[in-house]
>>> print(open('data_14.cif').read())   # mmCIF, C-alpha atoms
data_final
loop_
_atom_site.group_PDB
_atom_site.id
_atom_site.type_symbol
_atom_site.label_atom_id
_atom_site.label_comp_id
_atom_site.auth_asym_id
_atom_site.auth_seq_id
_atom_site.Cartn_x
_atom_site.Cartn_y
_atom_site.Cartn_z
ATOM 1 C CA MET Z 478 51.079 221.040 35.529
ATOM 2 C CA LYS Z 479 54.226 219.594 37.073
ATOM 3 C CA LYS Z 480 52.487 219.239 40.427
ATOM 4 C CA LEU Z 481 49.581 217.515 38.706
ATOM 5 C CA TRP Z 482 51.876 214.964 37.083
ATOM 6 C CA ILE Z 483 53.636 214.370 40.396
ATOM 7 C CA THR Z 484 50.297 213.853 42.095
ATOM 8 C CA LEU Z 485 49.113 211.463 39.402
ATOM 9 C CA ALA Z 486 52.379 209.538 39.551
ATOM 10 C CA ALA Z 487 52.078 209.282 43.313
ATOM 11 C CA LEU Z 488 48.505 208.018 43.042
ATOM 12 C CA VAL Z 489 49.518 205.437 40.464
ATOM 13 C CA ALA Z 490 52.414 204.318 42.666
ATOM 14 C CA VAL Z 491 50.108 203.963 45.661
ATOM 15 C CA ALA Z 492 47.596 201.999 43.580
ATOM 16 C CA VAL Z 493 50.287 199.663 42.262
ATOM 17 C CA ILE Z 494 51.673 199.090 45.746
ATOM 18 C CA ALA Z 495 48.195 198.440 47.127
ATOM 19 C CA LEU Z 496 47.376 196.057 44.270
ATOM 20 C CA GLY Z 497 50.660 194.236 44.800
ATOM 21 C CA ALA Z 498 49.975 193.923 48.519
ATOM 22 C CA LEU Z 499 46.500 192.575 47.791
ATOM 23 C CA GLY Z 500 47.972 190.097 45.316
ATOM 24 C CA CYS Z 501 50.450 188.897 47.936
ATOM 25 C CA TYR Z 502 47.658 188.509 50.486
ATOM 26 C CA LEU Z 503 45.529 186.459 48.097
ATOM 27 C CA VAL Z 504 48.413 184.171 47.140
ATOM 28 C CA ASN Z 505 49.181 183.636 50.822
ATOM 29 C CA PHE Z 506 45.515 182.932 51.487
ATOM 30 C CA ALA Z 507 44.951 180.617 48.543
ATOM 31 C CA ILE Z 508 48.088 178.615 47.799
ATOM 32 C CA VAL Z 509 50.481 178.857 50.742
ATOM 33 C CA ARG Z 510 50.469 175.642 52.747
ATOM 34 C CA THR Z 511 48.060 175.368 55.644
ATOM 35 C CA GLU Z 512 47.691 172.515 58.119
ATOM 36 C CA SER Z 513 43.968 173.063 58.623
ATOM 37 C CA PRO Z 514 41.264 173.133 55.942
ATOM 38 C CA ARG Z 515 40.176 176.619 54.894
ATOM 39 C CA ASP Z 516 36.473 177.413 54.938
ATOM 40 C CA VAL Z 517 36.269 178.595 51.339
ATOM 41 C CA ALA Z 518 33.227 176.732 50.020
ATOM 42 C CA PRO Z 519 29.798 178.358 49.780
ATOM 43 C CA GLU Z 520 27.069 177.008 52.021
ATOM 44 C CA SER Z 521 25.831 173.729 50.589
ATOM 45 C CA VAL Z 522 22.570 173.762 48.653
ATOM 46 C CA VAL Z 523 22.066 170.010 49.016
ATOM 47 C CA ALA Z 524 18.542 169.223 50.221
ATOM 48 C CA ALA Z 525 18.188 167.932 53.783
ATOM 49 C CA GLU Z 526 16.798 164.620 52.538
ATOM 50 C CA ASP Z 527 19.778 164.103 50.239
ATOM 51 C CA ALA Z 528 22.188 165.129 52.992
ATOM 52 C CA SER Z 529 20.730 162.378 55.171
ATOM 53 C CA VAL Z 530 21.252 159.842 52.401
ATOM 54 C CA ILE Z 531 24.862 160.972 52.003
ATOM 55 C CA SER Z 532 25.490 160.699 55.752
ATOM 56 C CA ALA Z 533 24.053 157.184 55.928
ATOM 57 C CA ASN Z 534 26.031 156.039 52.901
ATOM 58 C CA LEU Z 535 29.249 157.478 54.329
ATOM 59 C CA ALA Z 536 28.763 155.389 57.464
ATOM 60 C CA SER Z 537 28.527 152.242 55.330
ATOM 61 C CA ILE Z 538 31.541 153.288 53.257
ATOM 62 C CA GLN Z 539 33.519 153.919 56.441
ATOM 63 C CA ALA Z 540 32.869 150.318 57.535
ATOM 64 C CA LYS Z 541 33.935 149.034 54.118
ATOM 65 C CA LYS Z 542 37.103 151.125 54.282
ATOM 66 C CA GLU Z 543 38.017 149.922 57.764
ATOM 67 C CA SER Z 544 37.550 146.317 56.699
ATOM 68 C CA TRP Z 545 39.873 146.843 53.740
ATOM 69 C CA LEU Z 546 42.531 148.633 55.806
ATOM 70 C CA ALA Z 547 42.492 145.888 58.441
ATOM 71 C CA GLY Z 548 43.760 143.392 55.874
ATOM 72 C CA ALA Z 549 45.819 145.644 53.621
ATOM 73 C CA GLU Z 550 49.594 145.412 53.364
ATOM 74 C CA VAL Z 551 50.897 148.988 53.391
ATOM 75 C CA GLU Z 552 54.252 150.396 52.279
ATOM 76 C CA LYS Z 553 55.484 153.966 52.527
ATOM 77 C CA LYS Z 554 56.806 155.359 49.235
ATOM 78 C CA GLN Z 555 58.623 158.574 48.315
ATOM 79 C CA ILE Z 556 59.571 160.532 45.235
ATOM 80 C CA THR Z 557 61.725 163.613 44.753
ATOM 81 C CA THR Z 558 60.160 166.252 42.518
ATOM 82 C CA GLN Z 559 61.936 168.132 39.765
ATOM 83 C CA ASP Z 560 62.263 171.101 42.145
ATOM 84 C CA GLY Z 561 63.694 169.014 44.965
ATOM 85 C CA LEU Z 562 60.710 168.317 47.216
ATOM 86 C CA THR Z 563 60.199 164.964 48.928
ATOM 87 C CA LEU Z 564 56.649 163.709 48.444
ATOM 88 C CA VAL Z 565 55.211 160.817 50.447
ATOM 89 C CA GLY Z 566 52.585 158.239 49.551
ATOM 90 C CA ASN Z 567 51.070 155.012 50.860
ATOM 91 C CA LEU Z 568 51.018 151.917 48.683
ATOM 92 C CA TYR Z 569 48.360 149.340 49.546
ATOM 93 C CA TRP Z 570 48.819 145.800 48.275
ATOM 94 C CA THR Z 571 45.569 144.005 47.573
ATOM 95 C CA ASP Z 572 46.930 141.221 45.366
ATOM 96 C CA ARG Z 573 50.594 140.945 44.434
ATOM 97 C CA GLU Z 574 49.600 138.952 41.357
ATOM 98 C CA SER Z 575 47.372 141.769 40.112
ATOM 99 C CA HIS Z 576 48.677 144.311 37.629
ATOM 100 C CA GLN Z 577 45.712 146.655 38.039
ATOM 101 C CA TRP Z 578 46.480 149.852 39.921
ATOM 102 C CA LEU Z 579 44.644 152.894 41.210
ATOM 103 C CA LEU Z 580 46.582 156.135 41.591
ATOM 104 C CA GLY Z 581 44.187 158.259 43.650
ATOM 105 C CA ILE Z 582 44.601 162.023 43.988
ATOM 106 C CA HIS Z 583 43.063 163.963 46.891
ATOM 107 C CA GLY Z 584 41.698 167.497 46.900
ATOM 108 C CA TYR Z 585 42.667 170.970 48.100
ATOM 109 C CA THR Z 586 44.070 170.998 51.686
ATOM 110 C CA GLY Z 587 43.344 167.270 51.913
ATOM 111 C CA LYS Z 588 45.619 164.287 52.443
ATOM 112 C CA LYS Z 589 46.178 160.798 51.094
ATOM 113 C CA GLU Z 590 43.999 159.185 53.762
ATOM 114 C CA ASP Z 591 41.007 161.141 52.462
ATOM 115 C CA TYR Z 592 41.032 158.958 49.361
ATOM 116 C CA GLN Z 593 40.699 155.656 51.200
ATOM 117 C CA ASN Z 594 36.897 155.863 50.879
ATOM 118 C CA ILE Z 595 37.164 155.627 47.105
ATOM 119 C CA ALA Z 596 40.222 153.371 47.112
ATOM 120 C CA CYS Z 597 38.467 150.615 49.058
ATOM 121 C CA PHE Z 598 36.039 150.111 46.167
ATOM 122 C CA TYR Z 599 38.959 149.661 43.781
ATOM 123 C CA ALA Z 600 40.580 147.230 46.207
ATOM 124 C CA ALA Z 601 37.371 145.201 46.241
ATOM 125 C CA GLU Z 602 37.812 144.833 42.473
ATOM 126 C CA GLY Z 603 41.355 143.508 42.910
ATOM 127 C CA TYR Z 604 43.284 146.752 42.388
ATOM 128 C CA ASN Z 605 46.462 147.611 44.211
ATOM 129 C CA VAL Z 606 46.425 151.238 45.336
ATOM 130 C CA LEU Z 607 48.837 154.164 45.576
ATOM 131 C CA LEU Z 608 47.657 157.261 47.446
ATOM 132 C CA PRO Z 609 50.163 160.149 47.592
ATOM 133 C CA ASP Z 610 50.084 163.371 49.548
ATOM 134 C CA MET Z 611 50.286 166.171 47.002
ATOM 135 C CA ARG Z 612 52.976 168.819 47.422
ATOM 136 C CA ALA Z 613 52.302 171.142 50.375
ATOM 137 C CA HIS Z 614 49.867 168.600 51.828
ATOM 138 C CA GLY Z 615 50.062 165.917 54.494
ATOM 139 C CA GLU Z 616 53.492 164.343 54.908
ATOM 140 C CA SER Z 617 54.830 165.796 51.662
ATOM 141 C CA GLU Z 618 57.101 168.809 51.525
ATOM 142 C CA GLY Z 619 56.327 172.111 49.861
ATOM 143 C CA LYS Z 620 55.249 175.635 50.676
ATOM 144 C CA TYR Z 621 52.991 176.313 47.698
ATOM 145 C CA ILE Z 622 49.910 174.323 46.693
ATOM 146 C CA GLY Z 623 50.140 173.338 43.030
ATOM 147 C CA MET Z 624 46.379 173.449 42.286
ATOM 148 C CA GLY Z 625 46.950 170.567 39.852
ATOM 149 C CA TRP Z 626 49.389 172.440 37.625
ATOM 150 C CA LEU Z 627 52.601 171.746 39.498
ATOM 151 C CA ASP Z 628 51.130 168.430 40.605
ATOM 152 C CA ARG Z 629 50.770 167.098 37.068
ATOM 153 C CA LYS Z 630 54.551 166.724 36.848
ATOM 154 C CA ASP Z 631 54.615 165.073 40.269
ATOM 155 C CA VAL Z 632 51.974 162.574 39.144
ATOM 156 C CA LEU Z 633 54.201 161.592 36.226
ATOM 157 C CA GLN Z 634 56.890 160.681 38.745
ATOM 158 C CA TRP Z 635 54.445 158.658 40.835
ATOM 159 C CA LEU Z 636 53.539 156.833 37.635
ATOM 160 C CA ASN Z 637 57.197 156.093 36.988
ATOM 161 C CA LEU Z 638 57.490 154.659 40.504
ATOM 162 C CA LEU Z 639 54.572 152.313 39.868
ATOM 163 C CA ILE Z 640 55.948 151.233 36.511
ATOM 164 C CA GLN Z 641 59.351 150.495 38.011
ATOM 165 C CA LEU Z 642 57.560 148.412 40.628
ATOM 166 C CA ASP Z 643 55.323 146.665 38.074
ATOM 167 C CA PRO Z 644 56.251 147.089 34.389
ATOM 168 C CA GLN Z 645 53.005 145.300 33.456
ATOM 169 C CA ALA Z 646 50.907 147.753 35.447
ATOM 170 C CA GLU Z 647 47.502 148.835 34.124
ATOM 171 C CA ILE Z 648 46.903 152.141 35.860
ATOM 172 C CA ILE Z 649 43.758 154.199 36.395
ATOM 173 C CA LEU Z 650 44.090 157.799 37.598
ATOM 174 C CA HIS Z 651 41.175 158.954 39.756
ATOM 175 C CA GLY Z 652 41.074 162.416 41.317
ATOM 176 C CA THR Z 653 38.500 164.556 43.106
ATOM 177 C CA SER Z 654 38.208 168.382 43.168
ATOM 178 C CA MET Z 655 41.789 169.678 42.963
ATOM 179 C CA GLY Z 656 42.659 166.036 42.394
ATOM 180 C CA GLY Z 657 40.209 166.001 39.493
ATOM 181 C CA ALA Z 658 41.934 169.041 38.018
ATOM 182 C CA THR Z 659 45.286 167.342 38.611
ATOM 183 C CA VAL Z 660 44.419 164.218 36.636
ATOM 184 C CA MET Z 661 42.956 166.325 33.817
ATOM 185 C CA MET Z 662 46.081 168.454 33.677
ATOM 186 C CA THR Z 663 48.159 165.264 33.716
ATOM 187 C CA ALA Z 664 46.102 163.976 30.784
ATOM 188 C CA GLY Z 665 47.679 166.614 28.569
ATOM 189 C CA GLU Z 666 51.192 165.337 29.229
ATOM 190 C CA SER Z 667 52.948 162.474 27.473
ATOM 191 C CA LEU Z 668 51.647 159.511 29.447
ATOM 192 C CA PRO Z 669 53.260 156.085 29.671
ATOM 193 C CA ALA Z 670 51.401 153.253 27.953
ATOM 194 C CA GLN Z 671 50.595 151.742 31.349
ATOM 195 C CA VAL Z 672 48.061 154.526 32.010
ATOM 196 C CA LYS Z 673 44.822 153.054 30.699
ATOM 197 C CA GLY Z 674 42.229 155.634 31.730
ATOM 198 C CA ILE Z 675 41.333 158.619 33.889
ATOM 199 C CA VAL Z 676 38.374 159.358 36.167
ATOM 200 C CA GLU Z 677 37.934 162.991 37.151
ATOM 201 C CA ASP Z 678 35.401 163.986 39.782
ATOM 202 C CA CYS Z 679 34.321 167.640 40.221
ATOM 203 C CA GLY Z 680 37.516 169.196 38.895
ATOM 204 C CA TYR Z 681 37.604 172.816 37.717
ATOM 205 C CA THR Z 682 38.117 174.226 34.239
ATOM 206 C CA SER Z 683 41.154 176.281 35.282
ATOM 207 C CA VAL Z 684 42.786 177.740 38.356
ATOM 208 C CA TRP Z 685 41.843 181.176 37.036
ATOM 209 C CA ASP Z 686 38.157 180.250 36.832
ATOM 210 C CA ILE Z 687 37.890 178.732 40.297
ATOM 211 C CA PHE Z 688 39.830 181.584 41.899
ATOM 212 C CA ALA Z 689 37.679 184.145 40.088
ATOM 213 C CA ASP Z 690 34.606 182.481 41.586
ATOM 214 C CA GLU Z 691 36.201 182.430 45.032
ATOM 215 C CA LEU Z 692 37.336 186.056 44.751
ATOM 216 C CA ASP Z 693 33.764 187.065 44.087
ATOM 217 C CA TYR Z 694 32.254 184.823 46.775
ATOM 218 C CA LEU Z 695 34.729 185.434 49.605
ATOM 219 C CA PHE Z 696 35.837 189.013 49.002
ATOM 220 C CA HIS Z 697 33.296 190.464 46.542
ATOM 221 C CA LEU Z 698 36.170 191.591 44.330
ATOM 222 C CA PRO Z 699 36.415 191.523 40.520
ATOM 223 C CA ALA Z 700 38.928 189.402 38.661
ATOM 224 C CA PHE Z 701 40.341 192.513 36.996
ATOM 225 C CA PRO Z 702 42.757 193.719 38.142
ATOM 226 C CA VAL Z 703 42.956 191.809 41.433
ATOM 227 C CA LEU Z 704 43.383 188.287 40.080
ATOM 228 C CA HIS Z 705 45.905 189.499 37.529
ATOM 229 C CA ALA Z 706 48.039 190.847 40.369
ATOM 230 C CA ALA Z 707 47.694 187.657 42.398
ATOM 231 C CA SER Z 708 48.567 185.548 39.362
ATOM 232 C CA LEU Z 709 51.725 187.568 38.787
ATOM 233 C CA VAL Z 710 52.729 187.133 42.429
ATOM 234 C CA ALA Z 711 52.062 183.384 42.156
ATOM 235 C CA GLN Z 712 54.199 183.209 39.027
ATOM 236 C CA ILE Z 713 57.092 184.830 40.870
ATOM 237 C CA GLN Z 714 56.730 182.983 44.165
ATOM 238 C CA ALA Z 715 55.243 179.588 43.284
ATOM 239 C CA GLY Z 716 56.350 179.210 39.682
ATOM 240 C CA TYR Z 717 53.011 179.257 37.897
ATOM 241 C CA GLY Z 718 50.325 181.696 36.843
ATOM 242 C CA PHE Z 719 46.629 181.031 37.208
ATOM 243 C CA GLN Z 720 45.722 181.375 33.528
ATOM 244 C CA GLU Z 721 48.238 178.816 32.290
ATOM 245 C CA ALA Z 722 46.913 176.243 34.760
ATOM 246 C CA SER Z 723 44.030 175.138 32.547
ATOM 247 C CA SER Z 724 42.326 171.760 32.623
ATOM 248 C CA VAL Z 725 40.516 172.665 29.405
ATOM 249 C CA ALA Z 726 43.737 173.329 27.503
ATOM 250 C CA GLN Z 727 45.341 170.152 28.803
ATOM 251 C CA LEU Z 728 42.304 168.028 27.969
ATOM 252 C CA ALA Z 729 42.608 169.069 24.333
ATOM 253 C CA LYS Z 730 45.833 167.018 24.272
ATOM 254 C CA ALA Z 731 44.416 163.973 26.090
ATOM 255 C CA THR Z 732 44.983 160.526 24.573
ATOM 256 C CA VAL Z 733 43.358 158.089 27.040
ATOM 257 C CA PRO Z 734 39.686 157.363 27.795
ATOM 258 C CA MET Z 735 38.162 159.667 30.393
ATOM 259 C CA LEU Z 736 35.139 159.547 32.678
ATOM 260 C CA PHE Z 737 33.813 162.887 33.956
ATOM 261 C CA ILE Z 738 31.734 162.972 37.172
ATOM 262 C CA HIS Z 739 30.092 165.917 38.915
ATOM 263 C CA GLY Z 740 27.429 166.550 41.529
ATOM 264 C CA ALA Z 741 24.289 168.241 40.235
ATOM 265 C CA GLU Z 742 24.162 170.430 43.369
ATOM 266 C CA ASP Z 743 27.823 171.479 43.351
ATOM 267 C CA ASN Z 744 27.935 175.234 43.947
ATOM 268 C CA PHE Z 745 31.665 175.290 44.794
ATOM 269 C CA VAL Z 746 33.139 173.957 41.570
ATOM 270 C CA ARG Z 747 30.059 174.844 39.565
ATOM 271 C CA THR Z 748 28.341 171.932 37.830
ATOM 272 C CA ASP Z 749 28.359 173.765 34.502
ATOM 273 C CA MET Z 750 32.141 173.464 34.428
ATOM 274 C CA VAL Z 751 31.922 169.739 33.762
ATOM 275 C CA TYR Z 752 30.166 170.281 30.437
ATOM 276 C CA THR Z 753 32.963 172.554 29.245
ATOM 277 C CA LEU Z 754 35.513 169.976 30.363
ATOM 278 C CA TYR Z 755 33.682 167.097 28.718
ATOM 279 C CA ASP Z 756 33.424 168.979 25.423
ATOM 280 C CA ALA Z 757 37.163 169.759 25.500
ATOM 281 C CA CYS Z 758 38.179 166.099 25.666
ATOM 282 C CA PRO Z 759 38.798 164.459 22.245
ATOM 283 C CA THR Z 760 39.134 160.862 23.483
ATOM 284 C CA THR Z 761 36.617 158.147 24.328
ATOM 285 C CA LYS Z 762 34.607 159.642 27.178
ATOM 286 C CA GLU Z 763 31.504 159.456 29.329
ATOM 287 C CA LEU Z 764 29.756 161.906 31.649
ATOM 288 C CA LEU Z 765 27.920 161.208 34.913
ATOM 289 C CA VAL Z 766 26.116 163.998 36.784
ATOM 290 C CA VAL Z 767 24.747 162.705 40.097
ATOM 291 C CA ASP Z 768 21.434 164.189 41.217
ATOM 292 C CA GLY Z 769 21.379 165.539 44.765
ATOM 293 C CA ALA Z 770 25.159 165.544 45.235
ATOM 294 C CA GLY Z 771 27.175 168.560 46.292
ATOM 295 C CA HIS Z 772 30.902 169.074 45.896
ATOM 296 C CA GLY Z 773 32.812 165.799 46.119
ATOM 297 C CA GLU Z 774 29.693 163.971 47.309
ATOM 298 C CA SER Z 775 28.739 162.018 44.200
ATOM 299 C CA TYR Z 776 30.233 158.724 45.392
ATOM 300 C CA ALA Z 777 28.465 159.072 48.753
ATOM 301 C CA MET Z 778 25.141 160.197 47.282
ATOM 302 C CA ASP Z 779 24.782 157.072 45.164
ATOM 303 C CA PRO Z 780 27.674 154.604 45.628
ATOM 304 C CA GLU Z 781 26.060 151.934 43.472
ATOM 305 C CA LEU Z 782 25.571 154.283 40.517
ATOM 306 C CA TYR Z 783 28.980 155.900 40.994
ATOM 307 C CA PHE Z 784 31.118 152.790 41.157
ATOM 308 C CA SER Z 785 29.121 150.720 38.678
ATOM 309 C CA THR Z 786 29.625 153.579 36.206
ATOM 310 C CA VAL Z 787 33.341 153.755 37.020
ATOM 311 C CA PHE Z 788 34.065 150.048 36.650
ATOM 312 C CA GLN Z 789 31.829 149.556 33.627
ATOM 313 C CA PHE Z 790 33.625 152.441 31.928
ATOM 314 C CA ILE Z 791 37.017 150.950 32.791
ATOM 315 C CA GLU Z 792 36.062 147.459 31.629
ATOM 316 C CA LYS Z 793 34.566 148.750 28.396
ATOM 317 C CA ASN Z 794 37.174 151.341 27.458
ATOM 318 C CA CYS Z 795 40.346 150.995 29.520
ATOM 319 C CA ILE Z 796 41.104 147.519 30.856
ATOM 320 C CA PRO Z 797 38.913 144.967 29.045
ATOM 321 C CA GLN Z 798 38.343 141.793 31.039
ATOM 322 C CA VAL Z 799 39.593 138.587 29.430
#
>>> encode(input="data_14.cif", output="structure tokens")
Amino acid sequence: MKKLWITLAALVAVAVIALGALGCYLVNFAIVRTESPRDVAPESVVAAEDASVISANLASIQAKKESWLAGAEVEKKQITTQDGLTLVGNLYWTDRESHQWLLGIHGYTGKKEDYQNIACFYAAEGYNVLLPDMRAHGESEGKYIGMGWLDRKDVLQWLNLLIQLDPQAEIILHGTSMGGATVMMTAGESLPAQVKGIVEDCGYTSVWDIFADELDYLFHLPAFPVLHAASLVAQIQAGYGFQEASSVAQLAKATVPMLFIHGAEDNFVRTDMVYTLYDACPTTKELLVVDGAGHGESYAMDPELYFSTVFQFIEKNCIPQV
């Protein structure tokens, strides 16, 4: 009997060690900084015809962006996070007399320049623009990706920077993918009055949910007990667990108008997530699901529909035009 208990104890110890090692590997794979994008998305299910439309529209948007950048006045800005990291952003002046601002938040393994495609449409409407690199991305410091949860506190500091610069600021938060999750998670914090509305595009319901999907897709592993182990490792190393990082829970505390956007063909951050997110939000809200668009492609699939919806929502609910 004693030998049996020793054997069982040894097996349990081996299993725990193996699970811990797997958890460490997954945390390193998923949230430790990388300088090159990881190929973690499933193969797109966007139809070839729609993909051609997206490609053609992106070429037009690129020209619009380059035209804006050629005349934009750019300043480098920095903040220091609560945990001592230096984060870097670019501030683009469109009109120094304007008090309308876009704070645009990029996605997972992206960078601030990625958001210029969307920012140029705001600039055309007279908005000044601030595009930061999130922690562990681009020029900003950090070892661990915040997946929106750590970033929500950083966004509050970027907001404070804008308000110090322009106390009369009327600010719209707009984020895509991880950036969409970031602005939703920020929505649950105590926001300054200068934040007038939020646009989230293809954000996920929680870090747990998106990682559970990825664990299944990439490694064919179940959430239990693997994701529990990885979450515990993340809590110890990065300072947050995957279950607490919930867009749904944060949205329940939202106080500003919100526009939810998602691609109908998004098989990375599943389209059904947006309905759960929309239902969780208690404020004035609208929902746009763009036919034919995959992950993060809604603005490129139908720019006219996308941006007319965005600016009509803002004018109606956030920053009424005099």
>>> residues_around(input="data_14.cif", residues="stretch 615-617 of chain Z", least_positions_apart="4", cutoff="9 Å", atoms="all atoms listed in the file", output="list in words")
Glu512, Gln555, Leu562, Thr563, Leu564, Val565, Gly566, Thr586, Gly587, Lys588, Lys589, Pro609, Asp610 and Met611 of chain Z
>>> closest_residue(input="data_14.cif", among="Z:Gln671, Z:Gln641, Z:Asn594, Z:Ser513", to="Z:Ala536", atoms="all atoms listed in the file")
Z:Asn594
>>> closest_residue(input="data_14.cif", among="Z:Gln634, Z:Leu692, Z:Pro780, Z:Met655", to="Z:Leu503", atoms="all atoms listed in the file")
Z:Leu692
>>> resolve_selection(input="data_14.cif", expression="the PyMOL selection byres ((chain Z and resi 782-796) around 9)", output="VMD selection string")
chain Z and resid 577 595 598 to 599 602 647 to 649 672 to 676 733 to 736 738 761 to 763 765 767 775 to 781 797 to 798
>>> closest_residue(input="data_14.cif", among="Z:Phe737, Z:Tyr502, Z:Phe745, Z:Trp570", to="Z:Val523", atoms="only C-alpha atoms")
Z:Phe745
>>> atom_distance(input="data_14.cif", atom1="atom CA of Z:Met750", atom2="atom CA of Z:Tyr592")
22.6 Å
>>> resolve_selection(input="data_14.cif", expression="the PyMOL selection byres ((chain Z and resi 709-714) around 9)", output="PDB file with C-alpha atoms, in the coordinates of the input")
ATOM      1  CA  GLY Z 497      50.660 194.236  44.800  1.00  0.00           C
ATOM      2  CA  GLY Z 500      47.972 190.097  45.316  1.00  0.00           C
ATOM      3  CA  CYS Z 501      50.450 188.897  47.936  1.00  0.00           C
ATOM      4  CA  VAL Z 504      48.413 184.171  47.140  1.00  0.00           C
ATOM      5  CA  ILE Z 508      48.088 178.615  47.799  1.00  0.00           C
ATOM      6  CA  TYR Z 621      52.991 176.313  47.698  1.00  0.00           C
ATOM      7  CA  LEU Z 704      43.383 188.287  40.080  1.00  0.00           C
ATOM      8  CA  HIS Z 705      45.905 189.499  37.529  1.00  0.00           C
ATOM      9  CA  ALA Z 706      48.039 190.847  40.369  1.00  0.00           C
ATOM     10  CA  ALA Z 707      47.694 187.657  42.398  1.00  0.00           C
ATOM     11  CA  SER Z 708      48.567 185.548  39.362  1.00  0.00           C
ATOM     12  CA  ALA Z 715      55.243 179.588  43.284  1.00  0.00           C
ATOM     13  CA  GLY Z 716      56.350 179.210  39.682  1.00  0.00           C
ATOM     14  CA  TYR Z 717      53.011 179.257  37.897  1.00  0.00           C
ATOM     15  CA  GLY Z 718      50.325 181.696  36.843  1.00  0.00           C
ATOM     16  CA  PHE Z 719      46.629 181.031  37.208  1.00  0.00           C
TER      17      PHE Z 719
END
>>> residues_near_point(input="data_14.cif", point="(44.3, 171.4, 29.0)", cutoff="12 Å", atoms="all atoms listed in the file", output="ChimeraX atom specification")
/Z:625-626,629,658-666,681-684,720-732,753-759
